[in-house]
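Visitor: Supplied structure: run-v3.txt, compact mmCIF, C-alpha atoms.
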```txt
# COMPACT_ATOMS: atom_id res chain seq x y z
CA MET U 1 166.07 129.57 -202.84
CA SER U 2 163.83 127.32 -204.87
CA SER U 3 163.00 123.98 -203.23
CA GLN U 4 162.80 122.31 -206.66
CA ASN U 5 165.42 119.92 -208.01
CA PRO U 6 167.37 121.12 -211.08
CA ASP U 7 165.03 119.52 -213.61
CA GLN U 8 161.95 120.91 -211.88
CA TRP U 9 163.52 124.36 -211.67
CA ALA U 10 164.49 124.32 -215.36
CA GLU U 11 160.98 123.34 -216.33
CA ALA U 12 159.44 126.04 -214.14
CA PHE U 13 161.83 128.58 -215.68
CA ARG U 14 160.86 127.46 -219.18
CA ARG U 15 157.15 127.67 -218.44
CA ALA U 16 157.49 131.14 -216.91
CA VAL U 17 159.35 132.50 -219.94
CA ASP U 18 157.27 130.79 -222.59
CA SER U 19 153.96 131.86 -221.07
CA ASP U 20 154.91 135.39 -220.04
CA THR U 21 152.51 137.99 -221.39
CA GLU U 22 155.15 140.69 -221.83
CA LEU U 23 157.58 138.43 -223.66
CA ARG U 24 154.77 137.14 -225.87
CA ALA U 25 153.82 140.73 -226.72
CA HIS U 26 157.33 142.08 -227.36
CA GLY U 27 159.76 139.16 -227.71
CA ARG U 28 159.36 138.04 -231.31
CA GLU U 29 163.04 138.75 -232.02
CA TYR U 30 164.38 137.95 -228.52
CA THR U 31 167.18 135.52 -229.36
CA CYS U 32 170.42 135.00 -227.45
CA SER U 33 172.36 132.58 -225.28
CA TYR U 34 173.54 133.47 -221.81
CA LEU U 35 175.01 132.02 -218.63
CA LEU U 36 173.76 132.78 -215.14
CA ASP U 37 176.67 132.12 -212.82
CA MET U 38 175.37 131.84 -209.26
CA ASP U 39 178.65 130.63 -207.79
CA GLU U 40 177.21 127.44 -206.34
CA HIS U 41 175.50 126.58 -209.64
CA GLN U 42 175.56 127.77 -213.24
CA VAL U 43 172.70 127.78 -215.70
CA ALA U 44 173.19 128.16 -219.46
CA VAL U 45 170.11 129.30 -221.35
CA ASP U 46 169.36 129.46 -225.07
CA ILE U 47 166.49 131.71 -226.06
CA TYR U 48 165.07 131.59 -229.59
CA LYS U 49 162.40 134.01 -230.77
CA GLY U 50 161.20 134.75 -227.28
CA LYS U 51 161.03 131.19 -225.94
CA VAL U 52 163.41 128.92 -224.06
CA ASP U 53 165.16 126.63 -226.51
CA GLU U 54 167.34 124.87 -223.94
CA VAL U 55 168.36 125.11 -220.29
CA ALA U 56 171.58 123.43 -219.17
CA PHE U 57 172.08 123.12 -215.41
CA ASP U 58 175.71 123.04 -214.27
CA PRO U 59 177.11 122.42 -217.75
CA GLY U 60 180.57 120.90 -218.05
CA PRO U 61 183.54 123.15 -218.77
CA LEU U 62 183.28 122.90 -222.56
CA ASP U 63 179.68 121.77 -222.95
CA ARG U 64 178.07 125.06 -223.83
CA ARG U 65 178.81 128.24 -225.68
CA TYR U 66 177.05 131.43 -224.70
CA GLN U 67 177.21 135.07 -225.76
CA PHE U 68 177.29 136.78 -222.41
CA ALA U 69 177.30 135.92 -218.72
CA VAL U 70 175.84 137.43 -215.57
CA ARG U 71 177.91 136.42 -212.57
CA ALA U 72 177.30 137.09 -208.88
CA SER U 73 177.46 135.37 -205.53
CA ALA U 74 174.65 133.02 -204.53
CA GLU U 75 173.59 135.52 -201.88
CA THR U 76 173.22 138.31 -204.45
CA TRP U 77 171.08 136.04 -206.67
CA ARG U 78 168.94 135.08 -203.68
CA GLN U 79 168.39 138.75 -202.86
CA PHE U 80 167.75 139.56 -206.53
CA SER U 81 164.99 136.95 -206.72
CA GLU U 82 163.10 138.12 -203.63
CA PRO U 83 159.54 139.18 -204.57
CA THR U 84 160.42 142.73 -203.51
CA PRO U 85 164.22 142.90 -203.55
CA ALA U 86 166.12 145.23 -201.26
CA PRO U 87 167.80 148.37 -202.69
CA MET U 88 170.85 147.65 -204.83
CA TYR U 89 169.73 144.04 -205.42
CA HIS U 90 166.73 145.08 -207.47
CA GLY U 91 168.19 144.75 -210.97
CA ILE U 92 171.23 143.75 -212.97
CA TRP U 93 172.35 147.36 -213.37
CA ALA U 94 171.87 148.15 -209.68
CA ALA U 95 173.65 145.00 -208.53
CA THR U 96 176.46 145.55 -211.04
CA PHE U 97 177.02 149.16 -209.99
CA ARG U 98 176.63 148.58 -206.24
CA ARG U 99 177.04 144.88 -205.44
CA ASP U 100 179.15 141.97 -206.71
CA MET U 101 177.32 141.27 -209.97
CA ARG U 102 179.38 141.31 -213.19
CA LEU U 103 178.25 141.47 -216.83
CA GLU U 104 180.75 139.66 -219.03
CA GLY U 105 181.16 138.47 -222.60
CA ASP U 106 179.53 140.20 -225.56
CA VAL U 107 177.56 142.81 -223.66
CA LEU U 108 176.34 144.21 -227.00
CA VAL U 109 174.14 141.13 -227.39
CA MET U 110 172.69 141.81 -223.95
CA MET U 111 172.02 145.43 -224.93
CA GLN U 112 170.37 144.32 -228.18
CA ASN U 113 167.98 142.19 -226.12
CA LEU U 114 167.85 144.39 -223.04
CA ARG U 115 164.12 144.91 -222.71
CA CYS U 116 163.29 141.23 -222.96
CA PHE U 117 166.33 140.05 -221.01
CA THR U 118 165.41 142.38 -218.14
CA ARG U 119 161.90 140.93 -218.06
CA ASN U 120 163.32 137.41 -218.42
CA LEU U 121 165.42 137.80 -215.28
CA GLU U 122 162.61 139.43 -213.33
CA LEU U 123 160.72 136.16 -213.77
CA LEU U 124 163.21 134.70 -211.28
CA ARG U 125 161.13 136.56 -208.68
CA HIS U 126 158.33 134.12 -209.48
CA VAL U 127 160.38 131.00 -210.16
CA GLY U 128 163.09 131.48 -207.52
CA VAL U 129 166.77 130.71 -208.01
CA PRO U 130 168.42 127.27 -207.61
CA VAL U 131 170.92 128.43 -205.00
CA MET Y 1 131.62 167.21 -221.03
CA ALA Y 2 134.86 165.28 -220.72
CA HIS Y 3 137.35 166.43 -218.08
CA VAL Y 4 139.74 169.10 -219.34
CA SER Y 5 142.97 169.46 -217.40
CA PRO Y 6 143.82 172.90 -216.02
CA VAL Y 7 147.40 172.37 -217.20
CA THR Y 8 148.24 174.53 -220.20
CA GLY Y 9 151.12 174.43 -222.65
CA HIS Y 10 153.04 177.41 -224.01
CA TYR Y 11 156.15 178.30 -225.96
CA VAL Y 12 158.55 181.07 -225.03
CA THR Y 13 161.38 182.16 -227.32
CA PHE Y 14 164.68 183.64 -226.20
CA GLU Y 15 168.28 183.81 -227.30
CA ILE Y 16 171.51 182.50 -225.84
CA ASP Y 17 174.78 183.39 -227.57
CA GLY Y 18 172.90 184.40 -230.71
CA ASP Y 19 171.00 181.12 -231.00
CA GLU Y 20 167.24 181.08 -230.75
CA TYR Y 21 165.45 178.67 -228.44
CA LYS Y 22 161.70 178.13 -228.63
CA VAL Y 23 161.02 176.43 -225.35
CA PHE Y 24 157.91 174.47 -224.49
CA TYR Y 25 156.56 174.46 -220.97
CA LEU Y 26 153.52 173.21 -219.10
CA GLU Y 27 152.08 175.24 -216.27
CA ASN Y 28 149.32 175.27 -213.72
CA GLY Y 29 148.56 177.07 -210.47
CA SER Y 30 149.27 180.46 -208.99
CA GLY Y 31 151.69 181.85 -206.45
CA ARG Y 32 155.43 181.57 -206.21
CA PRO Y 33 156.90 180.03 -209.41
CA LEU Y 34 158.05 176.44 -208.92
CA VAL Y 35 160.31 175.69 -211.90
CA CYS Y 36 160.66 171.96 -212.58
CA GLN Y 37 163.45 170.28 -214.55
CA HIS Y 38 162.95 166.73 -215.88
CA THR Y 39 165.65 164.06 -215.86
CA ALA Y 40 168.21 163.34 -218.59
CA GLY Y 41 166.83 162.02 -221.88
CA CYS Y 42 163.27 162.71 -220.78
CA HIS Y 43 160.67 165.49 -220.85
CA ASN Y 44 158.21 167.39 -218.75
CA HIS Y 45 155.54 164.69 -218.51
CA GLN Y 46 157.52 163.35 -215.59
CA TRP Y 47 155.85 166.16 -213.62
CA ARG Y 48 152.31 165.20 -214.76
CA TYR Y 49 150.99 164.48 -211.28
CA LEU Y 50 152.60 167.42 -209.51
CA LEU Y 51 151.17 169.74 -212.19
CA GLU Y 52 147.66 168.68 -211.16
CA ASP Y 53 148.18 168.40 -207.40
CA ARG Y 54 145.84 171.02 -205.95
CA GLU Y 55 147.68 171.13 -202.65
CA ILE Y 56 150.71 172.39 -204.57
CA THR Y 57 149.07 174.41 -207.36
CA ASP Y 58 147.02 176.37 -204.81
CA GLN Y 59 150.32 177.82 -203.59
CA TYR Y 60 152.63 177.62 -206.57
CA ARG Y 61 152.67 178.44 -210.24
CA VAL Y 62 154.18 175.13 -211.32
CA ILE Y 63 156.20 175.46 -214.52
CA ALA Y 64 157.66 172.31 -216.07
CA TYR Y 65 159.68 173.02 -219.19
CA ASP Y 66 161.35 170.82 -221.78
CA LEU Y 67 165.09 171.45 -221.95
CA VAL Y 68 166.31 172.11 -225.49
CA ARG Y 69 166.45 168.82 -227.52
CA HIS Y 70 163.82 167.26 -225.25
CA GLY Y 71 160.07 166.79 -225.62
CA LYS Y 72 158.58 169.65 -227.60
CA THR Y 73 161.61 171.96 -227.35
CA ASP Y 74 163.45 171.46 -230.61
CA PRO Y 75 167.17 171.90 -231.10
CA PRO Y 76 167.91 175.53 -232.02
CA SER Y 77 166.76 176.34 -235.54
CA THR Y 78 169.69 178.72 -235.90
CA ARG Y 79 172.34 175.97 -235.75
CA GLU Y 80 173.29 172.97 -237.88
CA TRP Y 81 173.01 170.88 -234.73
CA TRP Y 82 173.00 167.63 -236.70
CA LYS Y 83 176.66 168.24 -237.54
CA GLU Y 84 177.67 168.51 -233.88
CA GLU Y 85 178.12 165.93 -231.15
CA TYR Y 86 175.71 166.89 -228.38
CA LEU Y 87 177.49 167.28 -225.05
CA LEU Y 88 175.63 169.29 -222.43
CA THR Y 89 177.87 171.49 -220.30
CA ALA Y 90 177.23 172.93 -216.87
CA ASP Y 91 177.82 176.42 -218.26
CA PHE Y 92 175.17 176.18 -221.00
CA TYR Y 93 172.67 174.32 -218.81
CA THR Y 94 172.92 177.02 -216.13
CA ARG Y 95 172.59 179.87 -218.59
CA PHE Y 96 169.62 178.16 -220.25
CA ILE Y 97 167.67 177.92 -217.00
CA VAL Y 98 168.45 181.47 -215.89
CA SER Y 99 167.52 182.74 -219.38
CA PHE Y 100 164.24 180.82 -219.23
CA CYS Y 101 163.39 182.32 -215.84
CA ASP Y 102 164.34 185.78 -217.10
CA ALA Y 103 162.28 185.36 -220.27
CA LEU Y 104 159.18 184.59 -218.17
CA GLU Y 105 160.14 187.36 -215.71
CA LEU Y 106 159.81 184.98 -212.79
CA GLN Y 107 160.17 186.61 -209.38
CA ASP Y 108 161.77 184.63 -206.54
CA PRO Y 109 161.16 181.19 -208.02
CA ILE Y 110 161.98 177.89 -206.39
CA PHE Y 111 163.92 175.57 -208.70
CA MET Y 112 163.38 171.82 -208.44
CA GLY Y 113 165.32 169.43 -210.65
CA CYS Y 114 165.80 165.68 -210.65
CA SER Y 115 168.86 163.55 -211.46
CA PHE Y 116 170.84 165.65 -213.95
CA GLY Y 117 168.37 168.34 -212.90
CA GLY Y 118 169.24 167.63 -209.26
CA ASN Y 119 172.89 168.10 -210.06
CA GLU Y 120 172.06 171.26 -211.98
CA ALA Y 121 170.10 172.47 -208.94
CA LEU Y 122 173.41 172.42 -207.06
CA GLN Y 123 175.08 174.33 -209.90
CA LEU Y 124 172.38 177.02 -209.60
CA ALA Y 125 172.84 177.17 -205.84
CA TYR Y 126 176.56 177.61 -206.47
CA LYS Y 127 176.43 180.18 -209.26
CA HIS Y 128 173.09 182.00 -208.92
CA PRO Y 129 171.95 181.94 -205.29
CA ASP Y 130 170.36 185.37 -205.71
CA ARG Y 131 168.20 184.42 -208.68
CA PHE Y 132 166.27 181.74 -206.77
CA ALA Y 133 164.36 181.94 -203.50
CA GLY Y 134 165.08 178.28 -202.79
CA ILE Y 135 166.23 175.07 -204.41
CA VAL Y 136 165.18 171.42 -204.28
CA SER Y 137 167.73 168.92 -205.55
CA LEU Y 138 166.21 165.50 -206.23
CA GLU Y 139 168.65 162.61 -206.63
CA GLY Y 140 171.53 165.09 -206.76
CA ALA Y 141 175.14 165.02 -205.58
CA ASP Y 142 178.42 166.82 -206.01
CA TYR Y 143 179.69 164.24 -208.48
CA SER Y 144 178.06 161.27 -210.18
CA PRO Y 145 180.42 159.41 -212.51
CA GLY Y 146 179.76 156.25 -214.48
CA PHE Y 147 176.76 156.88 -216.73
CA PHE Y 148 178.30 158.69 -219.73
CA LEU Y 149 178.16 155.53 -221.86
CA ASP Y 150 178.22 154.88 -225.60
CA TRP Y 151 175.55 152.21 -225.17
CA TRP Y 152 172.87 154.91 -225.18
CA GLN Y 153 173.53 155.62 -228.86
CA HIS Y 154 175.10 152.40 -230.09
CA THR Y 155 174.35 151.90 -233.77
CA HIS Y 156 174.03 148.12 -233.39
CA ALA Y 157 171.40 148.20 -230.65
CA ASN Y 158 167.86 149.54 -230.32
CA ALA Y 159 168.76 152.80 -228.59
CA ALA Y 160 165.18 153.52 -227.55
CA GLN Y 161 164.98 150.23 -225.65
CA VAL Y 162 168.52 150.45 -224.28
CA CYS Y 163 167.82 153.88 -222.80
CA ALA Y 164 164.40 152.94 -221.45
CA SER Y 165 165.36 149.54 -220.03
CA GLY Y 166 168.78 150.84 -219.00
CA VAL Y 167 167.09 153.14 -216.48
CA TRP Y 168 164.49 150.57 -215.41
CA ASP Y 169 166.51 149.53 -212.36
CA LEU Y 170 166.67 153.14 -211.24
CA MET Y 171 163.07 152.76 -210.14
CA ALA Y 172 161.91 150.92 -207.05
CA PRO Y 173 160.32 147.53 -207.76
CA GLN Y 174 157.35 148.41 -205.58
CA SER Y 175 156.50 151.53 -207.61
CA PRO Y 176 153.30 150.93 -209.58
CA ASP Y 177 153.73 149.17 -212.93
CA ARG Y 178 151.58 151.79 -214.63
CA ASP Y 179 153.90 154.63 -213.68
CA ARG Y 180 157.13 152.70 -214.12
CA TRP Y 181 156.03 151.85 -217.65
CA ALA Y 182 154.97 155.43 -218.35
CA THR Y 183 158.46 156.51 -217.31
CA TRP Y 184 159.96 153.74 -219.49
CA PHE Y 185 157.81 155.01 -222.38
CA TYR Y 186 159.13 158.57 -221.98
CA TYR Y 187 162.67 157.21 -221.99
CA SER Y 188 162.09 155.38 -225.25
CA GLN Y 189 161.60 158.82 -226.84
CA GLY Y 190 164.81 160.52 -225.75
CA ALA Y 191 167.71 158.37 -226.89
CA GLU Y 192 169.35 161.07 -229.04
CA ALA Y 193 169.68 163.44 -226.09
CA PHE Y 194 170.38 160.98 -223.29
CA ARG Y 195 174.07 160.38 -223.89
CA GLY Y 196 174.82 164.10 -224.30
CA ASP Y 197 172.83 164.90 -221.17
CA LEU Y 198 174.89 162.38 -219.27
CA TYR Y 199 178.07 164.14 -220.32
CA PHE Y 200 176.89 166.82 -217.92
CA TYR Y 201 175.65 164.35 -215.32
CA SER Y 202 178.76 162.18 -215.11
CA VAL Y 203 181.60 164.32 -216.50
CA ASP Y 204 181.16 168.10 -216.60
CA HIS Y 205 179.25 168.38 -213.34
CA ASP Y 206 181.86 168.15 -210.63
CA LEU Y 207 181.41 170.25 -207.50
CA ARG Y 208 183.85 168.28 -205.39
CA GLY Y 209 185.90 170.87 -203.59
CA SER Y 210 183.33 173.63 -204.24
CA LEU Y 211 180.56 172.68 -201.82
CA ALA Y 212 181.92 174.93 -199.08
CA ASP Y 213 181.31 177.86 -201.44
CA ILE Y 214 177.59 177.13 -201.66
CA ASP Y 215 175.56 179.03 -199.10
CA GLY Y 216 172.43 177.15 -198.19
CA GLU Y 217 171.43 179.91 -195.81
CA ARG Y 218 171.44 182.60 -198.48
CA CYS Y 219 169.50 180.35 -200.88
CA PRO Y 220 167.80 177.59 -198.84
CA LEU Y 221 168.52 174.16 -200.24
CA VAL Y 222 166.90 170.77 -199.65
CA LEU Y 223 168.14 167.48 -201.11
CA LEU Y 224 165.83 164.45 -201.43
CA THR Y 225 167.05 161.07 -202.67
CA GLY Y 226 165.30 157.71 -203.01
CA GLU Y 227 166.69 154.60 -201.34
CA TYR Y 228 166.52 152.59 -204.60
CA ASP Y 229 168.69 155.06 -206.53
CA TYR Y 230 171.84 153.12 -207.41
CA LEU Y 231 173.41 156.01 -209.37
CA THR Y 232 173.19 158.86 -206.90
CA THR Y 233 172.66 156.93 -203.71
CA PRO Y 234 171.26 158.41 -200.51
CA GLU Y 235 174.81 158.25 -199.14
CA ASP Y 236 176.02 160.42 -202.03
CA SER Y 237 173.37 163.08 -201.39
CA ARG Y 238 173.86 162.91 -197.63
CA ARG Y 239 177.61 163.41 -198.06
CA THR Y 240 176.96 166.34 -200.41
CA ALA Y 241 174.48 168.02 -198.08
CA SER Y 242 176.81 167.63 -195.11
CA GLN Y 243 179.39 169.81 -196.86
CA ILE Y 244 176.99 172.64 -197.80
CA ARG Y 245 176.26 175.21 -195.12
CA GLY Y 246 172.56 175.21 -194.30
CA ALA Y 247 171.62 172.35 -196.66
CA GLU Y 248 169.16 169.72 -195.48
CA PHE Y 249 168.87 166.13 -196.69
CA VAL Y 250 165.99 163.67 -196.48
CA GLU Y 251 166.15 160.06 -197.67
CA MET Y 252 162.98 158.88 -199.39
CA GLU Y 253 162.02 155.30 -198.56
CA GLY Y 254 160.53 152.86 -201.04
CA ILE Y 255 161.23 154.93 -204.13
CA GLY Y 256 163.96 155.38 -206.72
CA HIS Y 257 165.59 157.85 -209.09
CA PHE Y 258 162.41 159.23 -210.76
CA PRO Y 259 160.27 159.93 -207.69
CA MET Y 260 157.80 162.40 -209.23
CA SER Y 261 157.12 160.06 -212.11
CA GLU Y 262 157.45 156.51 -210.76
CA ASN Y 263 155.36 156.85 -207.58
CA TYR Y 264 153.81 160.26 -206.98
CA PRO Y 265 151.77 159.34 -203.86
CA VAL Y 266 155.01 158.44 -202.08
CA PHE Y 267 156.91 161.43 -203.50
CA ARG Y 268 154.34 164.02 -202.44
CA ASN Y 269 154.73 162.86 -198.83
CA TYR Y 270 158.31 164.10 -199.06
CA VAL Y 271 158.14 167.05 -201.43
CA ILE Y 272 155.28 168.90 -199.73
CA PRO Y 273 157.08 169.01 -196.35
CA ALA Y 274 160.28 169.96 -198.19
CA LEU Y 275 158.54 172.93 -199.82
CA GLU Y 276 157.01 173.92 -196.48
CA ARG Y 277 160.47 173.78 -194.91
CA LEU Y 278 161.90 175.91 -197.70
CA GLU Y 279 159.15 178.51 -197.24
CA GLU Y 280 159.90 178.69 -193.51
CA ARG Y 281 163.55 179.24 -194.20
CA ILE Y 282 162.88 181.78 -196.95
CA ALA Y 283 160.67 183.72 -194.52
CA ASP Y 284 163.34 183.49 -191.78
CA SER Y 285 165.98 184.71 -194.21
CA ALA Y 286 163.80 187.65 -195.26
CA ALA Y 287 163.11 188.54 -191.61
CA ARG Y 288 166.81 188.48 -190.81
CA ALA Y 289 167.60 190.65 -193.83
CA ALA Y 290 164.91 193.14 -192.77
CA SER Y 291 166.17 193.40 -189.19
CA HIS Y 292 169.87 193.49 -190.14
CA PRO Y 293 170.16 195.17 -193.52
CA GLY Y 294 173.54 194.27 -195.00
CA PRO Y 295 175.73 196.07 -197.50
CA GLY Y 296 174.07 194.39 -200.46
CA PRO Y 297 172.82 191.18 -201.97
CA GLU Y 298 176.31 189.77 -202.44
CA ALA Y 299 176.97 189.67 -198.71
CA PRO Y 300 176.41 186.25 -197.14
CA THR Y 301 173.72 186.11 -194.49
CA SER Y 302 174.37 184.68 -191.08
CA GLY Y 303 172.19 182.40 -189.05
CA PRO Y 304 171.92 179.01 -187.46
CA THR Y 305 173.05 176.03 -189.45
CA ALA Y 306 170.18 173.65 -190.11
```
If you took the structure in this file and wrote it as C-alpha cells, what would it be?

Guide:
Amino acid sequence: MSSQNPDQWAEAFRRAVDSDTELRAHGREYTCSYLLDMDEHQVAVDIYKGKVDEVAFDPGPLDRRYQFAVRASAETWRQFSEPTPAPMYHGIWAATFRRDMRLEGDVLVMMQNLRCFTRNLELLRHVGVPV
Amino acid sequence: MAHVSPVTGHYVTFEIDGDEYKVFYLENGSGRPLVCQHTAGCHNHQWRYLLEDREITDQYRVIAYDLVRHGKTDPPSTREWWKEEYLLTADFYTRFIVSFCDALELQDPIFMGCSFGGNEALQLAYKHPDRFAGIVSLEGADYSPGFFLDWWQHTHANAAQVCASGVWDLMAPQSPDRDRWATWFYYSQGAEAFRGDLYFYSVDHDLRGSLADIDGERCPLVLLTGEYDYLTTPEDSRRTASQIRGAEFVEMEGIGHFPMSENYPVFRNYVIPALERLEERIADSAARAASHPGPGPEAPTSGPTA
C-alpha cells in the first residue's frame, strides 16, 4: 500500500505514466478512460494520447464516465502491485482467470489499447496502490 | 570473422491428404533426434537458446520446426486456405508431426512440445507411443479450456498487439525483459494462426477420460509446468500426470508458460534433468524388452510405476 495521500498518489501516478519510456515510445494513440475499482477505493483515469488527462479519486456515483473497469479486492490489488508479484497476481489476465479480478464494460476498448494499458498498470509496481 | 551459428535451416516437403506442405525447420547437434514444437501463434525461434546449448546438442540432433501457417512454413500451396476458417484439430496436428518425423526418417526421436505443443505431446503419447522413444510435455494438461477467443482476430483491434500483450501475463515477471520482449515480438507475428491454434488447445484437445489409456512406461513421459502459468497451471499438469501410468511431473519455479523462450537459464535446469531421466527410463524399457521379449510392439510393457 502506498503511504501517500490521494492527491500525492494521483500525482505520482501521473508522473509515472507521463514520463514512462515505453509509453512515450509506443503510446501516441493510447487514449481511453477506465476505472480501477479496488474495493476500498476507486480511481477513474482519463488517458489522452499516451498521457494522463485526469485522475479522479473516489468519484461520486455519477461524477465520471469511463469505458471499462478493472475490479478486484484490495488484497488482489496489493498483491498485483508488489515489485515481483506472486503467481496468479502477476497480471490482469492471470488475476482474472485465477483470482477475483473482473474486466467489465467495453472490453473492446481495453483490447484496442492493450499493450499500453498493460504497461500502464505495471507502473503500479513503482507507484504502489492506494489501498 | 563474425560468429556464425551452427544452427542451420532447411525445408522438407511432404503430403498429407493430397495437400503439399513445405515445412521449415532449424537444426543443430547430433545424436537422438529431439523434435521441438513451438507454442500456439508462434514459431521456432522460441527454441533459439536450446538449439545452441552445447550440453544438449552434443547428445541430441535438435530439430525445431515451424508448424504449417507459422514462421516460414506457409499454408499449403495446394489449397485455397484463405477461403477457409482455420481451426486446428488434434487429428491433423498429430498426423502432421508423425508425417514430419517420417519425412526426415527420424529413428526413436524424443518429442518436446510446449503449451498447445505440450497438449499435443499428450496426444502423441496416446495415439503413437511406438513412434517416439520418449515425450516431454511442457505446460500441458488433459484439458485446457478458456482461450479460444475471438479477441485474437477482432477486426476492430490491433490483433498483433492483442495476441502479443494477451500472452504477456503468461510469463513470469522475473524473467528477463530482453527475452520476454523477444517472445512478445514473436507473438506479434502470428495473429492469423493464433485463434485457430487455440481451437485445438481449448476445444478439440480433450483427453479427460482417456489418460488411463496412455502408457507412460511404454513411451516414457515427463511433464514440466511453470508456476506462473495461469492457463495450464502446475495443478492441472500434476493432476494429468497422476492419471497416466508411469508419467512424471515437475513444477518449474520462477518461470511461466514459455519456459524455453522467456528464461532459458532457468528452463535448462529443469529440461536437462528431464531428458536424463527419460534416457534412463528408455534404457530400462529396452533392457526389460530384451530380457522378456513380448509378443510384439503392441503389447504393453510392465514395470514399476514411477

Visitor: When you get a sec, could you note down which chain U residues fall within 8 Å of chain Y, using all atoms listed in the file, as a short mmCIF file (atom, residue, chain, number, x, y, z; two decimals) with C-alpha atoms, keeping the file's coordinate frame?

Guide:
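Written output follows (selection-v8.cif):
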```cif
data_model
loop_
_atom_site.label_atom_id
_atom_site.label_comp_id
_atom_site.auth_asym_id
_atom_site.auth_seq_id
_atom_site.Cartn_x
_atom_site.Cartn_y
_atom_site.Cartn_z
CA THR U 84 160.42 142.73 -203.51
CA PRO U 85 164.22 142.90 -203.55
CA PRO U 87 167.80 148.37 -202.69
CA MET U 88 170.85 147.65 -204.83
CA HIS U 90 166.73 145.08 -207.47
CA GLY U 91 168.19 144.75 -210.97
CA ILE U 92 171.23 143.75 -212.97
CA TRP U 93 172.35 147.36 -213.37
CA ALA U 94 171.87 148.15 -209.68
CA PHE U 97 177.02 149.16 -209.99
CA ARG U 98 176.63 148.58 -206.24
CA LEU U 108 176.34 144.21 -227.00
CA MET U 111 172.02 145.43 -224.93
CA GLN U 112 170.37 144.32 -228.18
CA LEU U 114 167.85 144.39 -223.04
CA ARG U 115 164.12 144.91 -222.71
CA THR U 118 165.41 142.38 -218.14
#
```

Visitor: For CA of Arg102 in chain U and CA of Val70 in chain U, determine how far apart the two atoms are, in Å to one decimal place.

Guide: 5.8 Å

Visitor: Between CA of Phe111 in chain Y and CA of Asp206 in chain Y, what is the spacing in Å?

Guide: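 Those two atoms sit 19.5 Å apart.
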
Visitor: Grab the CA of Lys72 in chain Y to CA of Glu192 in chain Y distance for me, in Å with one decimal place.

Guide: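 Taking CA of Lys72 in chain Y and CA of Glu192 in chain Y, their separation equals 13.8 Å.
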
Visitor: Please determine, counting all atoms listed in the file, which residue among Y:Gly41, Y:Pro33, Y:Pro273, Y:Gly9 has the shortest atom-to-atom distance to Gly196 in chain Y.

Guide: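 Smallest distance to Gly196 in chain Y is found for Y:Gly41.
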
Visitor: Give the answer as one residue: which of Y:Pro129, Y:Gly71, Y:Pro6, Y:Pro234 has the shortest atom-to-atom distance to Phe24 in chain Y, using all atoms listed in the file?

Guide: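 For Phe24 in chain Y, the nearest of the candidates is Y:Gly71.
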
Visitor: As number ranges by chain, please: the residues near Ile56 in chain Y (cut-off 10 Å, all atoms listed in the file, same-chain neighbours under 5 positions excluded).

Guide: Y: 28-31, 34, 50-51, 61-62, 268, 271-272, 275

Visitor: Write to file, as a short mmCIF file (atom, residue, chain, number, x, y, z; two decimals), keeping the file's coordinate frame, the residues of the selection just made, with C-alpha atoms.

Guide:
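Contents of the output file selection_31.cif:
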```cif
data_model
loop_
_atom_site.label_atom_id
_atom_site.label_comp_id
_atom_site.auth_asym_id
_atom_site.auth_seq_id
_atom_site.Cartn_x
_atom_site.Cartn_y
_atom_site.Cartn_z
CA ASN Y 28 149.32 175.27 -213.72
CA GLY Y 29 148.56 177.07 -210.47
CA SER Y 30 149.27 180.46 -208.99
CA GLY Y 31 151.69 181.85 -206.45
CA LEU Y 34 158.05 176.44 -208.92
CA LEU Y 50 152.60 167.42 -209.51
CA LEU Y 51 151.17 169.74 -212.19
CA ARG Y 61 152.67 178.44 -210.24
CA VAL Y 62 154.18 175.13 -211.32
CA ARG Y 268 154.34 164.02 -202.44
CA VAL Y 271 158.14 167.05 -201.43
CA ILE Y 272 155.28 168.90 -199.73
CA LEU Y 275 158.54 172.93 -199.82
#
```

Visitor: Which residue gives the smallest distance to Met260 in chain Y among Y:Cys36, Y:Ile214, Y:Leu122, Y:Leu106, with all atoms listed in the file counted?

Guide: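 Looking only at the distances to Met260 in chain Y, the closest residue turns out to be Y:Cys36.
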
Visitor: Excluding Asp236 in chain Y and its own-chain neighbours fewer than 6 positions away, which residues fall within 12 Å of it when counting only C-alpha atoms? Please give them as a PyMOL selection string.

Guide: chain Y and resi 119+138-145+208+223-227+229-230+242-243+249-251

Visitor: Of the candidates Y:Ser115, Y:Ser210, Y:Gln153, Y:Thr8, which shows the shortest atom-to-atom distance to Ala191 in chain Y, using all atoms listed in the file?

Guide: Y:Gln153

Visitor: Determine, counting only C-alpha atoms, which protein, DNA and RNA residues have an atom within 6 Å of an atom of range 17-22 of chain Y; residues of the same chain fewer than 2 positions away are not included. Present the result as a PyMOL selection string.

Guide: chain Y and resi 12-15+76+78

Visitor: Write out as a ChimeraX atom specification the residues lying within 10 Å of Val55 in chain U, counting all atoms listed in the file and excluding same-chain residues fewer than 2 positions away.

Guide: /U:7,9-11,13-14,33-35,43-47,52-53,57-59

Visitor: Write the residues you've just listed into a file as a PDB file, in the frame of the given file, and include C-alpha atoms for each of them.

Guide:
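Saved result, result-v9.pdb, follows:
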```pdb
ATOM      1  CA  ASP U   7     165.030 119.520-213.610  1.00  0.00           C
ATOM      2  CA  TRP U   9     163.520 124.360-211.670  1.00  0.00           C
ATOM      3  CA  ALA U  10     164.490 124.320-215.360  1.00  0.00           C
ATOM      4  CA  GLU U  11     160.980 123.340-216.330  1.00  0.00           C
ATOM      5  CA  PHE U  13     161.830 128.580-215.680  1.00  0.00           C
ATOM      6  CA  ARG U  14     160.860 127.460-219.180  1.00  0.00           C
ATOM      7  CA  SER U  33     172.360 132.580-225.280  1.00  0.00           C
ATOM      8  CA  TYR U  34     173.540 133.470-221.810  1.00  0.00           C
ATOM      9  CA  LEU U  35     175.010 132.020-218.630  1.00  0.00           C
ATOM     10  CA  VAL U  43     172.700 127.780-215.700  1.00  0.00           C
ATOM     11  CA  ALA U  44     173.190 128.160-219.460  1.00  0.00           C
ATOM     12  CA  VAL U  45     170.110 129.300-221.350  1.00  0.00           C
ATOM     13  CA  ASP U  46     169.360 129.460-225.070  1.00  0.00           C
ATOM     14  CA  ILE U  47     166.490 131.710-226.060  1.00  0.00           C
ATOM     15  CA  VAL U  52     163.410 128.920-224.060  1.00  0.00           C
ATOM     16  CA  ASP U  53     165.160 126.630-226.510  1.00  0.00           C
ATOM     17  CA  PHE U  57     172.080 123.120-215.410  1.00  0.00           C
ATOM     18  CA  ASP U  58     175.710 123.040-214.270  1.00  0.00           C
ATOM     19  CA  PRO U  59     177.110 122.420-217.750  1.00  0.00           C
TER      20      PRO U  59
END
```
